[in-house]
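Participant: This is the content of final.pdb (PDB, C-alpha atoms):
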```
ATOM      1  CA  MET A   1      -6.615 -74.535-145.008  1.00  0.00           C
ATOM      2  CA  GLN A   2      -5.109 -73.546-141.700  1.00  0.00           C
ATOM      3  CA  PHE A   3      -1.395 -73.819-140.981  1.00  0.00           C
ATOM      4  CA  GLN A   4      -0.190 -74.886-137.592  1.00  0.00           C
ATOM      5  CA  ARG A   5       2.058 -72.294-135.978  1.00  0.00           C
ATOM      6  CA  LYS A   6       5.279 -73.298-134.296  1.00  0.00           C
ATOM      7  CA  PRO A   7       5.500 -72.448-130.581  1.00  0.00           C
ATOM      8  CA  TYR A   8       8.524 -70.185-131.103  1.00  0.00           C
ATOM      9  CA  LYS A   9      10.383 -68.416-133.885  1.00  0.00           C
ATOM     10  CA  ARG A  10      12.718 -70.009-136.400  1.00  0.00           C
ATOM     11  CA  HIS A  11      15.856 -68.281-135.142  1.00  0.00           C
ATOM     12  CA  GLN A  12      15.170 -69.662-131.661  1.00  0.00           C
ATOM     13  CA  ARG A  13      14.860 -73.208-133.021  1.00  0.00           C
ATOM     14  CA  ILE A  14      18.104 -72.789-134.961  1.00  0.00           C
ATOM     15  CA  SER A  15      19.792 -71.428-131.800  1.00  0.00           C
ATOM     16  CA  LYS A  16      18.917 -74.615-129.949  1.00  0.00           C
ATOM     17  CA  GLN A  17      20.093 -76.784-132.849  1.00  0.00           C
ATOM     18  CA  ILE A  18      23.387 -74.926-133.098  1.00  0.00           C
ATOM     19  CA  LYS A  19      23.953 -75.207-129.345  1.00  0.00           C
ATOM     20  CA  MET A  20      23.475 -78.980-129.399  1.00  0.00           C
ATOM     21  CA  ILE A  21      25.600 -79.529-132.511  1.00  0.00           C
ATOM     22  CA  LEU A  22      28.353 -77.162-131.383  1.00  0.00           C
ATOM     23  CA  SER A  23      28.557 -78.697-127.906  1.00  0.00           C
ATOM     24  CA  ASP A  24      28.946 -82.140-129.429  1.00  0.00           C
ATOM     25  CA  MET A  25      31.458 -80.874-131.996  1.00  0.00           C
ATOM     26  CA  ILE A  26      33.656 -79.185-129.382  1.00  0.00           C
ATOM     27  CA  LEU A  27      33.636 -82.319-127.291  1.00  0.00           C
ATOM     28  CA  LYS A  28      34.625 -84.603-130.188  1.00  0.00           C
ATOM     29  CA  ASN A  29      36.416 -82.595-132.903  1.00  0.00           C
ATOM     30  CA  LEU A  30      38.024 -79.452-131.495  1.00  0.00           C
ATOM     31  CA  TYR A  31      40.964 -79.709-129.144  1.00  0.00           C
ATOM     32  CA  LEU A  32      42.957 -76.886-127.618  1.00  0.00           C
ATOM     33  CA  LYS A  33      45.770 -78.046-125.343  1.00  0.00           C
ATOM     34  CA  GLY A  34      45.348 -76.748-121.793  1.00  0.00           C
ATOM     35  CA  SER A  35      41.870 -75.359-122.335  1.00  0.00           C
ATOM     36  CA  GLY A  36      40.071 -77.623-119.896  1.00  0.00           C
ATOM     37  CA  ILE A  37      36.385 -78.315-120.475  1.00  0.00           C
ATOM     38  CA  ILE A  38      34.695 -75.895-122.870  1.00  0.00           C
ATOM     39  CA  THR A  39      30.943 -75.559-122.394  1.00  0.00           C
ATOM     40  CA  ILE A  40      28.495 -73.745-124.646  1.00  0.00           C
ATOM     41  CA  THR A  41      26.206 -71.838-122.292  1.00  0.00           C
ATOM     42  CA  LYS A  42      24.000 -70.000-124.760  1.00  0.00           C
ATOM     43  CA  VAL A  43      23.556 -69.299-128.474  1.00  0.00           C
ATOM     44  CA  GLU A  44      21.712 -66.220-129.716  1.00  0.00           C
ATOM     45  CA  VAL A  45      20.890 -66.067-133.422  1.00  0.00           C
ATOM     46  CA  THR A  46      19.621 -62.838-134.957  1.00  0.00           C
ATOM     47  CA  SER A  47      16.155 -62.961-136.501  1.00  0.00           C
ATOM     48  CA  ASP A  48      17.597 -62.662-140.028  1.00  0.00           C
ATOM     49  CA  LEU A  49      19.977 -65.595-139.304  1.00  0.00           C
ATOM     50  CA  SER A  50      23.067 -63.569-140.186  1.00  0.00           C
ATOM     51  CA  ILE A  51      24.943 -63.715-136.868  1.00  0.00           C
ATOM     52  CA  ALA A  52      25.079 -66.282-134.088  1.00  0.00           C
ATOM     53  CA  LYS A  53      26.560 -65.151-130.775  1.00  0.00           C
ATOM     54  CA  VAL A  54      27.969 -68.201-129.037  1.00  0.00           C
ATOM     55  CA  PHE A  55      28.556 -67.797-125.302  1.00  0.00           C
ATOM     56  CA  TYR A  56      30.998 -70.279-123.817  1.00  0.00           C
ATOM     57  CA  SER A  57      32.651 -70.950-120.486  1.00  0.00           C
ATOM     58  CA  VAL A  58      35.723 -72.949-119.567  1.00  0.00           C
ATOM     59  CA  ILE A  59      36.299 -75.137-116.516  1.00  0.00           C
ATOM     60  CA  ASP A  60      39.846 -76.030-115.356  1.00  0.00           C
ATOM     61  CA  ASN A  61      41.382 -73.565-117.761  1.00  0.00           C
ATOM     62  CA  GLN A  62      45.184 -73.388-117.973  1.00  0.00           C
ATOM     63  CA  ILE A  63      45.478 -70.890-120.826  1.00  0.00           C
ATOM     64  CA  SER A  64      44.211 -67.324-121.114  1.00  0.00           C
ATOM     65  CA  LYS A  65      40.703 -66.396-122.197  1.00  0.00           C
ATOM     66  CA  LYS A  66      42.227 -64.320-124.982  1.00  0.00           C
ATOM     67  CA  ASP A  67      43.980 -67.384-126.450  1.00  0.00           C
ATOM     68  CA  ILE A  68      40.751 -69.378-126.392  1.00  0.00           C
ATOM     69  CA  ASN A  69      38.927 -66.520-128.087  1.00  0.00           C
ATOM     70  CA  ILE A  70      41.630 -66.343-130.798  1.00  0.00           C
ATOM     71  CA  PHE A  71      41.316 -70.115-131.276  1.00  0.00           C
ATOM     72  CA  PHE A  72      37.548 -69.850-131.794  1.00  0.00           C
ATOM     73  CA  LYS A  73      37.960 -66.877-134.123  1.00  0.00           C
ATOM     74  CA  LYS A  74      40.362 -68.889-136.300  1.00  0.00           C
ATOM     75  CA  LYS A  75      38.072 -71.938-136.320  1.00  0.00           C
ATOM     76  CA  SER A  76      34.794 -70.043-136.909  1.00  0.00           C
ATOM     77  CA  ARG A  77      34.692 -70.705-140.687  1.00  0.00           C
ATOM     78  CA  PHE A  78      35.494 -74.394-140.112  1.00  0.00           C
ATOM     79  CA  ILE A  79      32.714 -74.566-137.516  1.00  0.00           C
ATOM     80  CA  LYS A  80      30.299 -72.802-139.870  1.00  0.00           C
ATOM     81  CA  GLY A  81      31.046 -75.401-142.548  1.00  0.00           C
ATOM     82  CA  LEU A  82      30.468 -78.339-140.228  1.00  0.00           C
ATOM     83  CA  ILE A  83      27.251 -76.898-138.830  1.00  0.00           C
ATOM     84  CA  GLY A  84      26.073 -76.090-142.365  1.00  0.00           C
ATOM     85  CA  LYS A  85      26.236 -79.792-143.180  1.00  0.00           C
ATOM     86  CA  LYS A  86      24.077 -80.712-140.188  1.00  0.00           C
ATOM     87  CA  ILE A  87      21.412 -77.985-140.226  1.00  0.00           C
ATOM     88  CA  THR A  88      18.674 -77.868-142.826  1.00  0.00           C
ATOM     89  CA  SER A  89      18.721 -74.161-143.543  1.00  0.00           C
ATOM     90  CA  LYS A  90      19.644 -72.114-146.582  1.00  0.00           C
ATOM     91  CA  LYS A  91      21.443 -69.512-144.527  1.00  0.00           C
ATOM     92  CA  ILE A  92      24.056 -70.451-141.940  1.00  0.00           C
ATOM     93  CA  PRO A  93      24.962 -67.604-139.566  1.00  0.00           C
ATOM     94  CA  ASN A  94      28.444 -66.252-139.018  1.00  0.00           C
ATOM     95  CA  PHE A  95      29.724 -67.082-135.548  1.00  0.00           C
ATOM     96  CA  VAL A  96      30.887 -64.644-132.894  1.00  0.00           C
ATOM     97  CA  PHE A  97      32.332 -66.298-129.790  1.00  0.00           C
ATOM     98  CA  ILE A  98      31.952 -64.514-126.454  1.00  0.00           C
ATOM     99  CA  PHE A  99      33.402 -65.686-123.147  1.00  0.00           C
ATOM    100  CA  ASP A 100      30.677 -66.136-120.521  1.00  0.00           C
ATOM    101  CA  ASP A 101      32.035 -65.531-117.034  1.00  0.00           C
ATOM    102  CA  SER A 102      28.766 -66.279-115.225  1.00  0.00           C
ATOM    103  CA  ILE A 103      30.110 -69.577-113.842  1.00  0.00           C
ATOM    104  CA  GLU A 104      33.068 -67.748-112.289  1.00  0.00           C
ATOM    105  CA  VAL A 105      30.725 -65.147-110.780  1.00  0.00           C
ATOM    106  CA  TYR A 106      28.485 -67.873-109.330  1.00  0.00           C
ATOM    107  CA  ASP A 107      31.533 -69.629-107.908  1.00  0.00           C
ATOM    108  CA  LYS A 108      32.725 -66.428-106.194  1.00  0.00           C
ATOM    109  CA  ILE A 109      29.274 -65.837-104.717  1.00  0.00           C
ATOM    110  CA  ASP A 110      29.160 -69.440-103.496  1.00  0.00           C
ATOM    111  CA  GLN A 111      32.587 -69.044-101.857  1.00  0.00           C
ATOM    112  CA  MET A 112      31.370 -65.883-100.124  1.00  0.00           C
ATOM    113  CA  PHE A 113      28.362 -67.754 -98.717  1.00  0.00           C
ATOM    114  CA  VAL A 114      30.640 -70.563 -97.484  1.00  0.00           C
ATOM    115  CA  LYS A 115      32.865 -68.009 -95.741  1.00  0.00           C
ATOM    116  CA  LEU A 116      29.844 -66.361 -94.135  1.00  0.00           C
ATOM    117  CA  LYS A 117      28.482 -69.699 -92.989  1.00  0.00           C
ATOM    118  CA  ASN A 118      31.841 -70.800 -91.547  1.00  0.00           C
ATOM    119  CA  GLY A 119      32.352 -67.427 -89.848  1.00  0.00           C
ATOM    120  CA  LYS A 120      29.017 -67.584 -88.020  1.00  0.00           C
ATOM    121  CA  SER A 121      29.255 -71.254 -86.952  1.00  0.00           C
TER     122      SER A 121
END
```
Can you dump the structure from the file as structure tokens?
Facilitator:
Amino acid sequence: MQFQRKPYKRHQRISKQIKMILSDMILKNLYLKGSGIITITKVEVTSDLSIAKVFYSVIDNQISKKDINIFFKKKSRFIKGLIGKKITSKKIPNFVFIFDDSIEVYDKIDQMFVKLKNGKS
């Protein structure tokens, strides 16, 4: 009897599941006044499923990144409980939220290119 192998590891599949569930949950259930639009950019789950690093970015933010990080730190156990109900896994990872500033970096680079283009024209 030969078992069919999955195309990628279990922790990678769980990362994708968590990203989809968490994105939907933030959109519908979690609200932080003045935070703008919170987007989950990436989720990295360790191979032993003990920790999930959740990278997020914020668009149209009116409060500090530190306040958003404190908010997520306070809500991490609540989030773990909700995700535990939706994922079929014995072990649900603990969540660590990390601000992802890649969108801001890309925006600055784009603005630099616009300035260069306008300066040469």
Participant: Can you tell me which residues surround Ile92 of chain A at a distance of at most 10 Å, considering only C-alpha atoms, apart from same-chain residues fewer than 3 positions away, and format the answer as a count of residues only?
Facilitator: 15
Participant: When you count all atoms listed in the file, which of these residues is closest to Asp107 of chain A: A:Lys33, A:Ile59, A:Pro93, A:Val54?
Facilitator: A:Ile59
Participant: Evaluate the PyMOL selection byres ((chain A and resi 25) around 12) and record the selected residues as a PDB file with C-alpha atoms, keeping the file's coordinate frame, following the chain and residue labels used in the document.
Facilitator:
```pdb
ATOM      1  CA  ILE A  18      23.387 -74.926-133.098  1.00  0.00           C
ATOM      2  CA  LYS A  19      23.953 -75.207-129.345  1.00  0.00           C
ATOM      3  CA  MET A  20      23.475 -78.980-129.399  1.00  0.00           C
ATOM      4  CA  ILE A  21      25.600 -79.529-132.511  1.00  0.00           C
ATOM      5  CA  LEU A  22      28.353 -77.162-131.383  1.00  0.00           C
ATOM      6  CA  SER A  23      28.557 -78.697-127.906  1.00  0.00           C
ATOM      7  CA  ASP A  24      28.946 -82.140-129.429  1.00  0.00           C
ATOM      8  CA  ILE A  26      33.656 -79.185-129.382  1.00  0.00           C
ATOM      9  CA  LEU A  27      33.636 -82.319-127.291  1.00  0.00           C
ATOM     10  CA  LYS A  28      34.625 -84.603-130.188  1.00  0.00           C
ATOM     11  CA  ASN A  29      36.416 -82.595-132.903  1.00  0.00           C
ATOM     12  CA  LEU A  30      38.024 -79.452-131.495  1.00  0.00           C
ATOM     13  CA  TYR A  31      40.964 -79.709-129.144  1.00  0.00           C
ATOM     14  CA  ILE A  38      34.695 -75.895-122.870  1.00  0.00           C
ATOM     15  CA  THR A  39      30.943 -75.559-122.394  1.00  0.00           C
ATOM     16  CA  ILE A  40      28.495 -73.745-124.646  1.00  0.00           C
ATOM     17  CA  LYS A  75      38.072 -71.938-136.320  1.00  0.00           C
ATOM     18  CA  PHE A  78      35.494 -74.394-140.112  1.00  0.00           C
ATOM     19  CA  ILE A  79      32.714 -74.566-137.516  1.00  0.00           C
ATOM     20  CA  LYS A  80      30.299 -72.802-139.870  1.00  0.00           C
ATOM     21  CA  GLY A  81      31.046 -75.401-142.548  1.00  0.00           C
ATOM     22  CA  LEU A  82      30.468 -78.339-140.228  1.00  0.00           C
ATOM     23  CA  ILE A  83      27.251 -76.898-138.830  1.00  0.00           C
ATOM     24  CA  LYS A  86      24.077 -80.712-140.188  1.00  0.00           C
TER      25      LYS A  86
END
```
Participant: Residues at most 12 Å from segment 64-66 of chain A, counting only C-alpha atoms, excluding those fewer than 3 positions away in the same chain, as a PDB file with C-alpha atoms, keeping the file's coordinate frame?
Facilitator:
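The resulting file, around_33.pdb, is shown below:
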```
ATOM      1  CA  LEU A  32      42.957 -76.886-127.618  1.00  0.00           C
ATOM      2  CA  LYS A  33      45.770 -78.046-125.343  1.00  0.00           C
ATOM      3  CA  GLY A  34      45.348 -76.748-121.793  1.00  0.00           C
ATOM      4  CA  SER A  35      41.870 -75.359-122.335  1.00  0.00           C
ATOM      5  CA  GLY A  36      40.071 -77.623-119.896  1.00  0.00           C
ATOM      6  CA  ILE A  38      34.695 -75.895-122.870  1.00  0.00           C
ATOM      7  CA  TYR A  56      30.998 -70.279-123.817  1.00  0.00           C
ATOM      8  CA  SER A  57      32.651 -70.950-120.486  1.00  0.00           C
ATOM      9  CA  VAL A  58      35.723 -72.949-119.567  1.00  0.00           C
ATOM     10  CA  ILE A  59      36.299 -75.137-116.516  1.00  0.00           C
ATOM     11  CA  ASP A  60      39.846 -76.030-115.356  1.00  0.00           C
ATOM     12  CA  ASN A  61      41.382 -73.565-117.761  1.00  0.00           C
ATOM     13  CA  ASN A  69      38.927 -66.520-128.087  1.00  0.00           C
ATOM     14  CA  ILE A  70      41.630 -66.343-130.798  1.00  0.00           C
ATOM     15  CA  PHE A  71      41.316 -70.115-131.276  1.00  0.00           C
ATOM     16  CA  PHE A  72      37.548 -69.850-131.794  1.00  0.00           C
ATOM     17  CA  LYS A  73      37.960 -66.877-134.123  1.00  0.00           C
ATOM     18  CA  PHE A  97      32.332 -66.298-129.790  1.00  0.00           C
ATOM     19  CA  ILE A  98      31.952 -64.514-126.454  1.00  0.00           C
ATOM     20  CA  PHE A  99      33.402 -65.686-123.147  1.00  0.00           C
ATOM     21  CA  ASP A 100      30.677 -66.136-120.521  1.00  0.00           C
ATOM     22  CA  ASP A 101      32.035 -65.531-117.034  1.00  0.00           C
TER      23      ASP A 101
END
```
Participant: Counting all atoms listed in the file, figure out which residue out of A:Ile63, A:Val96, A:Ile103, A:Val43 gets nearest to Gln17 of chain A.
Facilitator: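 That would be A:Val43, the residue with the smallest distance to Gln17 of chain A.
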Participant: Figure out the distance between atom CA of Tyr106 of chain A and atom CA of Lys74 of chain A, please, to one decimal in Å.
Facilitator: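 Going from atom CA of Lys74 of chain A over to atom CA of Tyr106 of chain A covers 29.5 Å.
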Participant: Enter the distance from atom CA of Arg77 of chain A to atom CA of Asp48 of chain A, in Å, rounded to one decimal.
Facilitator: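 Separation between atom CA of Arg77 of chain A and atom CA of Asp48 of chain A: 18.9 Å.
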Participant: Quote the spacing between atom CA of Ser47 of chain A and atom CA of Ser76 of chain A in Å to one decimal place.
Facilitator: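 That distance, rounded to one decimal, is 19.9 Å.
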